[in-house]
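Asks: Sending over input_31.txt (compact mmCIF, C-alpha atoms).
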```txt
# COMPACT_ATOMS: atom_id res chain seq x y z
CA MET A 1413 -7.56 24.67 -27.21
CA THR A 1414 -5.68 25.54 -24.04
CA GLN A 1415 -2.31 23.81 -23.63
CA LEU A 1416 -1.10 23.36 -20.07
CA SER A 1417 2.20 21.95 -18.89
CA LYS A 1418 2.21 18.76 -16.81
CA GLU A 1419 3.08 20.82 -13.73
CA GLN A 1420 0.18 23.24 -14.35
CA CYS A 1421 -2.22 20.30 -14.76
CA ARG A 1422 -1.04 18.69 -11.54
CA GLU A 1423 -1.41 21.92 -9.57
CA ILE A 1424 -4.94 22.55 -10.88
CA ILE A 1425 -5.97 19.00 -9.95
CA ALA A 1426 -4.31 19.04 -6.52
CA ARG A 1427 -5.83 22.44 -5.63
CA ARG A 1428 -9.31 21.34 -6.64
CA ILE A 1429 -9.12 18.06 -4.72
CA ALA A 1430 -8.04 19.87 -1.54
CA LYS A 1431 -11.42 21.68 -1.60
CA GLU A 1432 -13.14 18.32 -1.07
CA PHE A 1433 -11.52 17.83 2.34
CA LYS A 1434 -13.76 18.57 5.31
CA GLU A 1435 -12.99 19.49 8.90
CA GLY A 1436 -11.94 16.41 10.87
CA ASP A 1437 -11.53 14.11 7.86
CA ILE A 1438 -9.12 11.15 7.90
CA ILE A 1439 -7.66 11.01 4.38
CA THR A 1440 -5.38 8.56 2.60
CA LEU A 1441 -3.49 9.90 -0.40
CA GLY A 1442 -1.96 7.73 -3.11
CA ILE A 1443 1.65 8.21 -4.16
CA GLY A 1444 2.47 10.89 -6.76
CA LEU A 1445 -0.10 13.49 -7.85
CA PRO A 1446 -2.60 12.69 -5.03
CA THR A 1447 0.08 13.45 -2.41
CA GLU A 1448 0.32 17.02 -3.78
CA ALA A 1449 -3.25 17.74 -2.63
CA ALA A 1450 -1.87 17.90 0.94
CA ASN A 1451 -0.11 21.16 -0.02
CA TYR A 1452 -3.37 23.01 -0.69
CA VAL A 1453 -5.58 22.17 2.30
CA PRO A 1454 -7.19 25.46 3.46
CA SER A 1455 -5.66 26.67 6.75
CA ASP A 1456 -9.04 26.62 8.51
CA VAL A 1457 -9.70 22.96 7.63
CA HIS A 1458 -8.04 20.44 9.93
CA VAL A 1459 -7.56 16.99 8.47
CA MET A 1460 -5.33 14.05 9.33
CA PHE A 1461 -3.54 12.04 6.68
CA GLN A 1462 -3.44 8.27 7.09
CA SER A 1463 -0.58 6.29 5.58
CA GLU A 1464 -1.06 2.60 4.83
CA ASN A 1465 2.34 1.67 6.23
CA GLY A 1466 1.05 2.50 9.70
CA MET A 1467 0.38 6.08 10.67
CA ILE A 1468 -2.29 8.73 11.10
CA GLY A 1469 -0.94 12.29 11.29
CA VAL A 1470 1.55 12.30 8.42
CA GLY A 1471 3.32 15.67 8.30
CA HIS A 1472 5.86 17.26 5.98
CA ARG A 1473 8.86 15.42 4.52
CA ASN A 1474 11.76 15.06 6.95
CA LEU A 1475 14.69 15.93 4.73
CA ALA A 1476 17.28 15.54 7.50
CA ALA A 1477 16.42 11.90 8.28
CA PRO A 1478 18.40 8.88 7.00
CA ARG A 1479 16.97 6.49 4.41
CA ASN A 1480 16.06 3.89 7.05
CA ALA A 1481 14.34 6.44 9.30
CA HIS A 1482 11.81 5.19 11.85
CA ILE A 1483 8.97 7.40 10.58
CA THR A 1484 8.19 7.15 6.87
CA ASN A 1485 5.22 7.57 4.53
CA ALA A 1486 3.80 4.95 2.16
CA GLY A 1487 6.43 5.92 -0.43
CA GLY A 1488 9.12 4.96 2.10
CA LEU A 1489 10.19 8.59 2.49
CA PRO A 1490 10.99 10.02 5.95
CA VAL A 1491 8.27 12.34 7.27
CA HIS A 1492 7.45 14.30 10.41
CA ALA A 1493 4.59 13.25 12.68
CA LYS A 1494 1.96 15.93 13.29
CA GLU A 1495 0.49 16.72 16.70
CA GLY A 1496 -2.01 13.97 17.51
CA ALA A 1497 -0.24 11.40 15.36
CA VAL A 1498 -0.43 7.66 16.04
CA PHE A 1499 1.57 4.68 14.76
CA PHE A 1500 0.20 1.17 14.22
CA ASP A 1501 1.01 -2.09 12.48
CA THR A 1502 -0.26 -3.21 9.06
CA SER A 1503 -3.11 -5.26 10.52
CA MET A 1504 -4.52 -2.20 12.33
CA SER A 1505 -3.81 -0.04 9.26
CA PHE A 1506 -6.03 -2.22 7.09
CA THR A 1507 -8.71 -2.49 9.75
CA ILE A 1508 -8.81 1.31 9.46
CA ILE A 1509 -8.70 1.26 5.65
CA ARG A 1510 -10.94 -1.68 4.77
CA GLY A 1511 -13.21 -1.15 7.76
CA GLY A 1512 -14.57 2.16 6.46
CA HIS A 1513 -12.73 4.42 8.92
CA VAL A 1514 -11.06 6.52 6.21
CA ASP A 1515 -13.29 9.41 5.08
CA ALA A 1516 -11.72 9.89 1.67
CA THR A 1517 -8.98 8.45 -0.46
CA VAL A 1518 -7.39 10.12 -3.47
CA LEU A 1519 -5.77 7.84 -6.03
CA GLY A 1520 -4.28 8.11 -9.47
CA ALA A 1521 -5.76 6.14 -12.37
CA LEU A 1522 -4.86 4.66 -15.71
CA GLN A 1523 -8.56 4.41 -16.62
CA VAL A 1524 -11.89 5.04 -14.95
CA ASP A 1525 -15.30 4.30 -16.40
CA ALA A 1526 -18.98 5.27 -16.36
CA GLU A 1527 -19.78 2.59 -13.76
CA GLY A 1528 -17.17 3.85 -11.31
CA ASN A 1529 -14.78 1.02 -12.13
CA LEU A 1530 -11.11 1.86 -11.64
CA ALA A 1531 -7.97 0.50 -13.32
CA ASN A 1532 -4.77 1.80 -11.75
CA TRP A 1533 -2.42 -1.06 -10.99
CA MET A 1534 -1.26 -2.80 -14.14
CA ILE A 1535 -0.86 -2.75 -17.91
CA PRO A 1536 -0.42 -6.40 -18.90
CA GLY A 1537 3.02 -7.03 -20.39
CA ALA A 1538 4.23 -3.48 -19.80
CA PHE A 1539 3.71 -2.21 -16.28
CA VAL A 1540 3.02 -4.53 -13.36
CA PRO A 1541 4.13 -2.85 -10.13
CA GLY A 1542 1.53 -4.60 -7.96
CA MET A 1543 -1.55 -3.28 -6.22
CA GLY A 1544 0.01 -2.54 -2.83
CA GLY A 1545 -2.83 -1.25 -0.66
CA ALA A 1546 -4.87 0.30 -3.49
CA MET A 1547 -7.48 -2.47 -3.82
CA ASP A 1548 -8.27 -2.33 -0.10
CA LEU A 1549 -8.34 1.47 -0.06
CA VAL A 1550 -10.79 1.74 -2.94
CA VAL A 1551 -13.10 -0.86 -1.42
CA GLY A 1552 -12.92 0.54 2.11
CA ALA A 1553 -12.77 4.35 1.97
CA LYS A 1554 -16.08 6.22 2.36
CA LYS A 1555 -15.30 8.43 -0.64
CA VAL A 1556 -13.00 7.54 -3.55
CA ILE A 1557 -11.64 10.47 -5.56
CA VAL A 1558 -9.65 9.83 -8.73
CA ALA A 1559 -6.96 12.39 -9.51
CA MET A 1560 -5.58 12.23 -13.03
CA GLU A 1561 -4.85 14.15 -16.19
CA HIS A 1562 -7.91 14.02 -18.43
CA THR A 1563 -6.11 12.22 -21.25
CA ASN A 1564 -2.92 10.24 -21.75
CA LYS A 1565 -1.05 11.73 -24.74
CA GLY A 1566 -4.43 12.77 -26.14
CA GLU A 1567 -6.06 9.37 -25.54
CA PRO A 1568 -9.16 9.47 -23.31
CA ARG A 1569 -8.86 7.77 -19.91
CA ILE A 1570 -12.48 8.29 -18.90
CA LEU A 1571 -14.22 5.48 -20.73
CA GLN A 1572 -17.62 3.86 -21.01
CA LYS A 1573 -15.94 0.62 -19.85
CA CYS A 1574 -12.36 0.11 -18.61
CA THR A 1575 -10.19 -2.13 -20.82
CA LEU A 1576 -7.28 -2.63 -18.36
CA PRO A 1577 -7.41 -5.03 -15.37
CA LEU A 1578 -9.52 -3.49 -12.62
CA THR A 1579 -8.50 -2.38 -9.16
CA ALA A 1580 -12.11 -2.51 -7.95
CA THR A 1581 -15.64 -2.32 -9.35
CA HIS A 1582 -18.26 0.41 -8.75
CA GLU A 1583 -16.23 2.23 -6.09
CA VAL A 1584 -15.19 5.58 -7.64
CA ASP A 1585 -17.28 8.57 -6.47
CA MET A 1586 -15.57 11.51 -8.14
CA ILE A 1587 -13.08 12.24 -10.93
CA VAL A 1588 -10.97 15.39 -10.87
CA THR A 1589 -8.89 16.34 -13.92
CA GLU A 1590 -7.36 19.58 -15.17
CA LYS A 1591 -10.42 20.06 -17.38
CA ALA A 1592 -13.37 18.98 -15.29
CA VAL A 1593 -14.91 17.62 -12.12
CA ILE A 1594 -17.17 14.61 -12.69
CA ASP A 1595 -19.38 12.76 -10.19
CA VAL A 1596 -20.07 9.06 -10.67
CA THR A 1597 -23.82 8.57 -10.14
CA PRO A 1598 -26.09 5.52 -10.57
CA GLU A 1599 -27.30 7.18 -13.82
CA GLY A 1600 -23.78 7.67 -15.16
CA LEU A 1601 -21.10 10.36 -15.20
CA LEU A 1602 -22.42 13.77 -14.15
CA LEU A 1603 -20.34 16.73 -15.31
CA LYS A 1604 -20.17 19.06 -12.29
CA GLU A 1605 -17.59 21.68 -13.23
CA ILE A 1606 -15.59 22.74 -16.26
CA ASN A 1607 -12.27 24.53 -15.85
CA PRO A 1608 -12.93 27.94 -17.56
CA LEU A 1609 -9.68 27.45 -19.51
CA PHE A 1610 -11.50 24.71 -21.47
CA SER A 1611 -14.71 24.55 -23.48
CA LEU A 1612 -17.59 22.13 -22.95
CA GLU A 1613 -16.86 20.79 -26.41
CA ASP A 1614 -13.24 20.11 -25.47
CA VAL A 1615 -14.31 18.19 -22.34
CA ILE A 1616 -16.80 16.12 -24.35
CA ASN A 1617 -14.27 15.41 -27.10
CA SER A 1618 -11.59 14.23 -24.68
CA THR A 1619 -13.96 11.93 -22.76
CA ALA A 1620 -14.85 8.51 -24.19
CA ALA A 1621 -17.91 8.05 -22.00
CA LYS A 1622 -21.38 9.56 -22.09
CA LEU A 1623 -21.56 12.64 -19.86
CA ILE A 1624 -24.72 13.89 -18.21
CA ILE A 1625 -24.54 17.66 -18.69
CA PRO A 1626 -26.72 19.81 -16.44
CA GLU A 1627 -28.50 22.65 -18.23
CA GLU A 1628 -26.70 25.40 -16.30
CA LEU A 1629 -23.31 24.08 -17.45
CA SER A 1630 -24.28 23.92 -21.12
CA VAL A 1631 -25.82 27.42 -20.95
CA LYS A 1632 -22.70 28.82 -19.26
CA ALA A 1633 -20.43 27.13 -21.77
CA ALA A 1634 -22.47 28.46 -24.70
CA MET B 672 11.60 -17.75 29.49
CA ILE B 673 14.98 -16.16 28.69
CA LYS B 674 15.40 -16.34 24.91
CA HIS B 675 18.33 -17.54 22.81
CA ILE B 676 20.54 -14.57 22.10
CA VAL B 677 22.64 -15.08 18.97
CA SER B 678 24.88 -13.13 16.62
CA ILE B 679 23.60 -11.93 13.26
CA ALA B 680 25.80 -14.57 11.58
CA GLU B 681 24.41 -17.37 13.78
CA ALA B 682 20.85 -16.23 13.12
CA ALA B 683 21.34 -16.25 9.34
CA LYS B 684 22.84 -19.76 9.48
CA LEU B 685 19.53 -21.08 10.92
CA ILE B 686 17.90 -20.35 7.56
CA HIS B 687 18.43 -23.13 5.06
CA ASP B 688 18.13 -23.26 1.27
CA ASP B 689 14.56 -23.58 -0.06
CA ALA B 690 13.03 -22.21 3.16
CA SER B 691 9.91 -20.05 3.19
CA VAL B 692 10.78 -16.78 4.92
CA MET B 693 8.62 -13.91 6.07
CA ILE B 694 10.67 -10.73 6.25
CA GLY B 695 9.29 -7.62 7.96
CA GLY B 696 9.65 -4.08 6.68
CA PHE B 697 7.95 -1.58 4.39
CA LEU B 698 10.50 -0.47 1.79
CA CYS B 699 13.50 0.69 3.90
CA CYS B 700 11.54 1.12 7.14
CA GLY B 701 11.63 -1.55 9.84
CA SER B 702 13.58 -4.21 7.93
CA PRO B 703 16.01 -6.71 9.48
CA GLN B 704 18.78 -5.40 7.25
CA LYS B 705 21.79 -7.10 8.86
CA ILE B 706 20.35 -10.62 8.59
CA ILE B 707 19.38 -9.93 4.97
CA ASP B 708 23.00 -8.92 4.26
CA GLU B 709 24.19 -12.12 5.92
CA LEU B 710 21.81 -14.27 3.81
CA VAL B 711 23.33 -12.62 0.73
CA LYS B 712 26.84 -13.39 2.05
CA ASN B 713 25.82 -17.04 2.69
CA GLN B 714 24.08 -17.22 -0.71
CA THR B 715 21.08 -18.93 0.94
CA LYS B 716 19.03 -19.77 -2.13
CA GLY B 717 15.67 -21.09 -3.34
CA LEU B 718 13.83 -18.91 -0.82
CA THR B 719 10.11 -18.25 -0.84
CA LEU B 720 9.91 -14.62 0.25
CA ILE B 721 6.76 -13.39 1.95
CA ALA B 722 6.92 -9.63 2.47
CA ASN B 723 5.27 -6.32 1.71
CA ASP B 724 7.60 -5.53 -1.19
CA THR B 725 10.85 -6.50 -2.89
CA GLY B 726 12.56 -3.29 -1.72
CA PHE B 727 15.02 -1.44 -3.91
CA PRO B 728 17.82 -3.12 -5.92
CA ASP B 729 20.44 -1.82 -3.46
CA SER B 730 18.64 -2.28 -0.17
CA ASP B 731 16.69 -4.57 2.13
CA ARG B 732 14.77 -7.49 0.58
CA GLY B 733 15.78 -6.19 -2.84
CA LYS B 734 19.31 -7.55 -2.37
CA LEU B 735 17.91 -11.10 -2.13
CA ILE B 736 16.23 -10.58 -5.50
CA VAL B 737 19.26 -9.04 -7.19
CA ASN B 738 21.40 -11.97 -5.96
CA LYS B 739 18.83 -14.42 -7.36
CA LEU B 740 18.23 -16.10 -4.01
CA VAL B 741 14.42 -15.95 -4.26
CA LYS B 742 12.47 -18.67 -6.06
CA LYS B 743 9.05 -17.21 -5.31
CA ALA B 744 7.93 -13.83 -3.98
CA ILE B 745 4.53 -13.40 -2.32
CA VAL B 746 4.31 -9.62 -2.04
CA THR B 747 2.03 -6.60 -2.56
CA HIS B 748 4.36 -4.46 -4.66
CA ILE B 749 7.45 -4.90 -6.86
CA GLY B 750 7.46 -1.48 -8.55
CA THR B 751 10.45 -0.08 -6.62
CA ASN B 752 12.72 -2.92 -7.73
CA PRO B 753 12.86 -3.29 -11.53
CA GLU B 754 15.00 -6.42 -11.12
CA THR B 755 11.98 -8.35 -9.77
CA GLY B 756 9.93 -7.52 -12.85
CA LYS B 757 12.85 -8.45 -15.11
CA GLN B 758 13.36 -11.85 -13.46
CA TRP B 759 9.61 -12.47 -13.51
CA HIS B 760 9.51 -11.66 -17.23
CA ASN B 761 12.43 -14.07 -17.81
CA LYS B 762 10.66 -16.76 -15.74
CA GLU B 763 13.56 -16.85 -13.24
CA ILE B 764 11.23 -16.07 -10.36
CA GLU B 765 7.58 -16.69 -9.54
CA VAL B 766 5.62 -13.69 -8.26
CA GLU B 767 2.27 -13.78 -6.49
CA LEU B 768 0.87 -10.27 -6.04
CA VAL B 769 -1.52 -9.94 -3.10
CA PRO B 770 -3.47 -6.87 -1.93
CA MET B 771 -1.80 -5.51 1.21
CA GLY B 772 -4.83 -5.87 3.47
CA THR B 773 -5.28 -9.44 2.27
CA LEU B 774 -1.61 -10.38 2.75
CA ILE B 775 -1.49 -9.16 6.35
CA GLU B 776 -4.80 -10.86 7.18
CA ARG B 777 -3.68 -14.16 5.64
CA ILE B 778 -0.61 -14.06 7.88
CA ARG B 779 -2.74 -13.10 10.89
CA CYS B 780 -5.03 -16.07 10.22
CA ALA B 781 -2.06 -18.46 10.24
CA GLY B 782 -0.78 -16.98 13.51
CA ALA B 783 -4.21 -17.21 15.12
CA SER B 784 -5.05 -20.70 13.76
CA LEU B 785 -8.05 -19.40 11.81
CA GLY B 786 -9.15 -21.26 8.69
CA GLY B 787 -9.34 -18.17 6.51
CA PHE B 788 -11.41 -15.02 6.10
CA LEU B 789 -13.82 -13.29 3.75
CA THR B 790 -12.83 -9.98 2.19
CA PRO B 791 -14.55 -7.69 -0.32
CA THR B 792 -11.11 -6.66 -1.63
CA GLY B 793 -10.39 -8.08 -5.09
CA VAL B 794 -13.98 -8.98 -6.01
CA GLY B 795 -14.43 -8.47 -9.77
CA THR B 796 -10.65 -8.27 -10.39
CA VAL B 797 -7.95 -10.78 -11.36
CA VAL B 798 -7.38 -11.39 -7.64
CA GLU B 799 -10.68 -13.30 -7.70
CA GLU B 800 -9.34 -15.94 -10.14
CA GLY B 801 -9.29 -19.45 -8.67
CA LYS B 802 -10.91 -18.35 -5.41
CA GLN B 803 -14.26 -19.18 -3.89
CA VAL B 804 -16.67 -16.21 -4.04
CA MET B 805 -19.22 -16.23 -1.22
CA GLU B 806 -22.27 -14.04 -0.91
CA ILE B 807 -23.15 -13.00 2.64
CA ASN B 808 -26.20 -10.77 3.20
CA GLY B 809 -26.20 -9.80 -0.48
CA LYS B 810 -22.54 -8.76 -0.60
CA LYS B 811 -19.78 -10.65 -2.41
CA TYR B 812 -16.57 -11.71 -0.66
CA LEU B 813 -13.49 -13.73 -1.58
CA LEU B 814 -12.43 -16.62 0.63
CA GLU B 815 -8.76 -16.09 1.45
CA THR B 816 -6.67 -18.74 3.21
CA PRO B 817 -3.94 -18.61 5.89
CA LEU B 818 -0.27 -18.08 5.03
CA SER B 819 2.53 -19.35 7.26
CA ALA B 820 6.29 -19.82 6.82
CA ASP B 821 9.28 -21.76 8.08
CA PHE B 822 10.92 -18.57 9.37
CA ALA B 823 9.95 -15.02 10.23
CA ILE B 824 12.82 -12.55 10.33
CA ILE B 825 11.62 -9.37 11.94
CA TYR B 826 12.98 -6.06 13.13
CA ALA B 827 12.81 -4.46 16.58
CA THR B 828 14.17 -1.19 17.92
CA LYS B 829 14.68 -2.53 21.43
CA THR B 830 14.24 -6.02 22.89
CA ASP B 831 14.67 -7.44 26.39
CA LYS B 832 15.88 -10.92 27.33
CA PHE B 833 12.29 -12.15 27.50
CA GLY B 834 11.92 -11.37 23.80
CA ASN B 835 9.48 -8.54 24.48
CA ALA B 836 10.11 -6.01 21.75
CA PHE B 837 9.46 -2.32 21.17
CA LEU B 838 9.21 -1.02 17.61
CA ASP B 839 9.58 2.72 17.06
CA GLY B 840 7.36 4.80 14.75
CA THR B 841 6.32 3.16 11.49
CA THR B 842 8.91 0.38 11.80
CA ARG B 843 6.04 -1.83 13.06
CA ASN B 844 4.35 -2.53 9.72
CA PHE B 845 4.32 -6.31 9.03
CA ASN B 846 6.68 -7.24 11.89
CA PRO B 847 4.26 -7.92 14.80
CA VAL B 848 1.90 -10.10 12.75
CA MET B 849 4.71 -12.03 11.01
CA ALA B 850 6.08 -12.89 14.47
CA THR B 851 2.93 -14.95 15.09
CA ALA B 852 2.93 -17.04 11.91
CA ALA B 853 6.26 -18.86 11.44
CA LYS B 854 7.77 -22.01 12.93
CA THR B 855 10.95 -20.17 13.92
CA VAL B 856 10.95 -16.46 14.67
CA ILE B 857 14.12 -14.39 14.74
CA VAL B 858 14.09 -10.77 15.83
CA GLU B 859 16.96 -8.55 14.71
CA THR B 860 17.11 -5.87 17.36
CA GLU B 861 18.96 -2.58 17.29
CA GLU B 862 19.38 -2.74 21.05
CA LEU B 863 19.22 -5.48 23.70
CA SER B 864 17.95 -4.03 26.96
CA GLU B 865 19.57 -5.38 30.15
CA GLU B 866 16.47 -4.28 32.07
CA PRO B 867 13.04 -5.75 31.25
CA LEU B 868 11.04 -3.37 29.06
CA ASN B 869 8.04 -1.57 30.56
CA PRO B 870 5.12 -4.01 30.05
CA ASN B 871 2.96 -1.06 28.98
CA GLU B 872 5.26 -0.19 26.11
CA ILE B 873 5.74 -3.50 24.31
CA THR B 874 4.80 -3.86 20.64
CA ILE B 875 5.45 -7.60 20.27
CA PRO B 876 5.02 -10.01 23.22
CA GLY B 877 8.10 -12.20 23.69
CA VAL B 878 5.93 -15.33 23.56
CA PHE B 879 6.29 -15.30 19.76
CA ILE B 880 10.08 -14.89 19.64
CA ASP B 881 12.59 -17.78 19.43
CA TYR B 882 15.88 -16.00 18.79
CA ILE B 883 17.14 -12.49 19.48
CA ALA B 884 19.90 -11.48 17.07
CA LEU B 885 22.25 -8.51 17.20
```
Here is a file; write its structure as structure tokens.

Replies:
Amino acid sequence: MTQLSKEQCREIIARRIAKEFKEGDIITLGIGLPTEAANYVPSDVHVMFQSENGMIGVGHRNLAAPRNAHITNAGGLPVHAKEGAVFFDTSMSFTIIRGGHVDATVLGALQVDAEGNLANWMIPGAFVPGMGGAMDLVVGAKKVIVAMEHTNKGEPRILQKCTLPLTATHEVDMIVTEKAVIDVTPEGLLLKEINPLFSLEDVINSTAAKLIIPEELSVKAA
Amino acid sequence: MIKHIVSIAEAAKLIHDDASVMIGGFLCCGSPQKIIDELVKNQTKGLTLIANDTGFPDSDRGKLIVNKLVKKAIVTHIGTNPETGKQWHNKEIEVELVPMGTLIERIRCAGASLGGFLTPTGVGTVVEEGKQVMEINGKKYLLETPLSADFAIIYATKTDKFGNAFLDGTTRNFNPVMATAAKTVIVETEELSEEPLNPNEITIPGVFIDYIAL
């Protein structure tokens, strides 16, 4: 079985997610791994990143700015504004987010399941940071992409049914991990791609949900 | 319509123990930092804090938490300030976590005298607990109610004597909506403009502002 470092996993996931972005898209990225997808957008695809704290047109980090800079991203870090950028207050930001004006959002997950349910905001008794804008984003964005490592210390995170408190129900459209790309369909989880570094068997064994496996993928893997 | 112009110290003295206080800002961006420091100095306690987040332990709203001045926090996120989680665990503070889009809309409802609103956010999650679920045209929504406060302490980059305020970049965040929803509204401004601001370039109309502090 292929062993990848955490950094290698994150790069594979971020690169693959960037391929989902289409010309003209407005995209909201979660903090952490999802933010890295911004580094791999093809140069011929023009997208604008929305930030829940009140901005469309988020650019690169502004390393020269003070901590209380006037232009920051949703992680509170100073950023540059890209050409065409716009600032707005939280009310407008969530009209954009909840109102269906964001084309795609990329979020991390603790668990995701066969019905497209997502758990990414708390582990009772251990980790309760709060949901921030995640619940609104998942409900409002046209396409919800989950970016996460396939397992947590070997434990599957793609389950038949989430066990942790949910962020939203039936909203996830796509799951991208270092091992596979999976679409959430009304029939269940459809395995779309396998990273050639991994076997079909490895993907199946590290997933605790039933996968629909198209014939061409099983033939290729065999 | 010239507003009361006060010092930071005078502004902070308006806020009494056990008050409910909306404080603008998103992490370190667009926070009324000087008034927060003054509340810490005054040890104004028993506060109900309504804000996006509880900041960091060493900055902004986080200092109120670290100094144990907050009785209850109604916020969207506490992850950047481990002290909030610790006090919550020890039952020293009450925390109500609210989705960001719901928190801002609850405040907007109070400012606009609306009775509440229906949102799909939180349906099928713990946020639904204790709330009325309504089905409209086959889709489920939660009934969320207005949220007001005794005080709103907000930030502005530049304010004129009429209270009209300009907020630069992403410093806007919760500030404009909070200005509509409290009995007494104090704006901490970086700059007081002698000349009236250009009416085309105003983020918050002065009608909402009671005190200008700097």

Asks: Taking all atoms of stretch 1549-1565 of chain A that the file lists and extending 4 Å past them on each side, where is the centre of the axis-aligned box and how long are its edges? Answer in Å to one decimal, as AutoDock Vina command-line options.

Replies:
```
--center_x -8.6 --center_y 6.6 --center_z -11.2 --size_x 23.0 --size_y 23.0 --size_z 35.1
```

Asks: Write out as a tab-separated table a residue-level contact list of chain A versus chain B with cut-off 6 Å: for each qualifying residue the closest pair of atoms and the distance in Å to one decimal, counting all atoms listed in the file, rows sorted by chain and residue number upward.

Replies:
```
residue	atom	partner	partner_atom	distance
A:Asn1465	CA	B:Asn844	CA	5.8
A:Gly1466	CA	B:Thr841	CA	5.6
A:Asn1480	CA	B:Cys699	CA	5.2
A:His1482	CA	B:Gly840	CA	5.3
A:Ile1483	CA	B:Thr841	CA	5.1
A:Gly1488	CA	B:Leu698	CA	5.6
A:Phe1499	CA	B:Gly840	CA	5.8
A:Asp1501	CA	B:Asn844	CA	4.4
A:Thr1502	CA	B:Asn844	CA	4.7
A:Ser1503	CA	B:Ile775	CA	5.9
A:Phe1506	CA	B:Gly772	CA	5.3
A:Pro1541	CA	B:Gly750	CA	3.9
A:Gly1542	CA	B:His748	CA	4.3
A:Met1543	CA	B:Pro770	CA	5.9
A:Gly1544	CA	B:Thr747	CA	4.5
A:Gly1545	CA	B:Met771	CA	4.8
A:Met1547	CA	B:Thr792	CA	6.0
A:Asp1548	CA	B:Thr792	CA	5.4
A:Leu1578	CA	B:Thr796	CA	5.4
```

Asks: Any idea what's packed within 10 Å of stretch 736-741 of chain B, counting all atoms listed in the file, ignoring anything in its chain fewer than 2 positions away? Could you give it as an NGL selection string?

Replies: :B and (688-692 or 710-712 or 714-720 or 725-734 or 743-744 or 752-755 or 758 or 763-766)

Asks: In Å to one decimal, how far is atom CA of A:Glu1583 from atom CA of A:Ser1463?

Replies: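 Atom-to-atom, atom CA of A:Ser1463 and atom CA of A:Glu1583 are spaced 19.9 Å apart.
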
Asks: Env of A:Lys1418: 12 Å cut, atoms = all atoms listed in the file, seq-sep filter 2 positions within chain, self excluded. Answer as a ChimeraX atom specification.

Replies: /A:1415-1416,1420-1425,1445,1560-1565,1589-1590

Asks: What lies within 10 Å of B:Gly787 using all atoms listed in the file, ignoring chain neighbours under 6 positions off, as a PyMOL selection string?

Replies: chain B and resi 776-781+814-818

Asks: What gap, in Å, lies between atom CA of B:Ala823 and atom CA of B:Gly782?

Replies: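 Taking atom CA of B:Ala823 and atom CA of B:Gly782, their separation equals 11.4 Å.
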
Asks: List the spatial neighbours of A:Val1615 as a list in words - criterion: any atom at most 7 Å away, all atoms listed in the file, same-chain residues fewer than 4 positions off excluded.

Replies: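 Non-adjacent residues within range: Lys1591, Ser1611 and Thr1619 of chain A.
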
Asks: I need the chosen residues saved as a PDB file, keeping the file's coordinate frame, with C-alpha atoms.

Replies:
```pdb
ATOM      1  CA  LYS A1591     -10.420  20.060 -17.380  1.00  0.00           C
ATOM      2  CA  SER A1611     -14.710  24.550 -23.480  1.00  0.00           C
ATOM      3  CA  THR A1619     -13.960  11.930 -22.760  1.00  0.00           C
TER       4      THR A1619
END
```

Asks: In Å, with one decimal, what is the gap from atom CA of B:Phe837 to atom CA of B:Thr851?

Replies: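 Atom CA of B:Thr851 lies at a distance of 15.5 Å from atom CA of B:Phe837.
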
Asks: Considering all atoms listed in the file, return as an MDAnalysis selection string whatever protein or nucleic-acid residues lie within 12 Å of A:Val1584, sequence-local ones (same chain, fewer than 6 positions apart) excluded.

Replies: chainID A and resid 1516:1521 1523:1532 1547 1549:1559 1570 1578 1594:1598 1600:1601

Asks: For a quick check of understanding, using only C-alpha atoms, which of B:Asn713, B:Ser864, B:Asn808, B:Ser678 has the smallest distance to B:Tyr882?

Replies: B:Ser678

Asks: Find the residue from B:Glu799, B:Asp881, B:Glu806, B:Glu872 that sits nearest to B:Glu859; use all atoms listed in the file when measuring.

Replies: B:Asp881
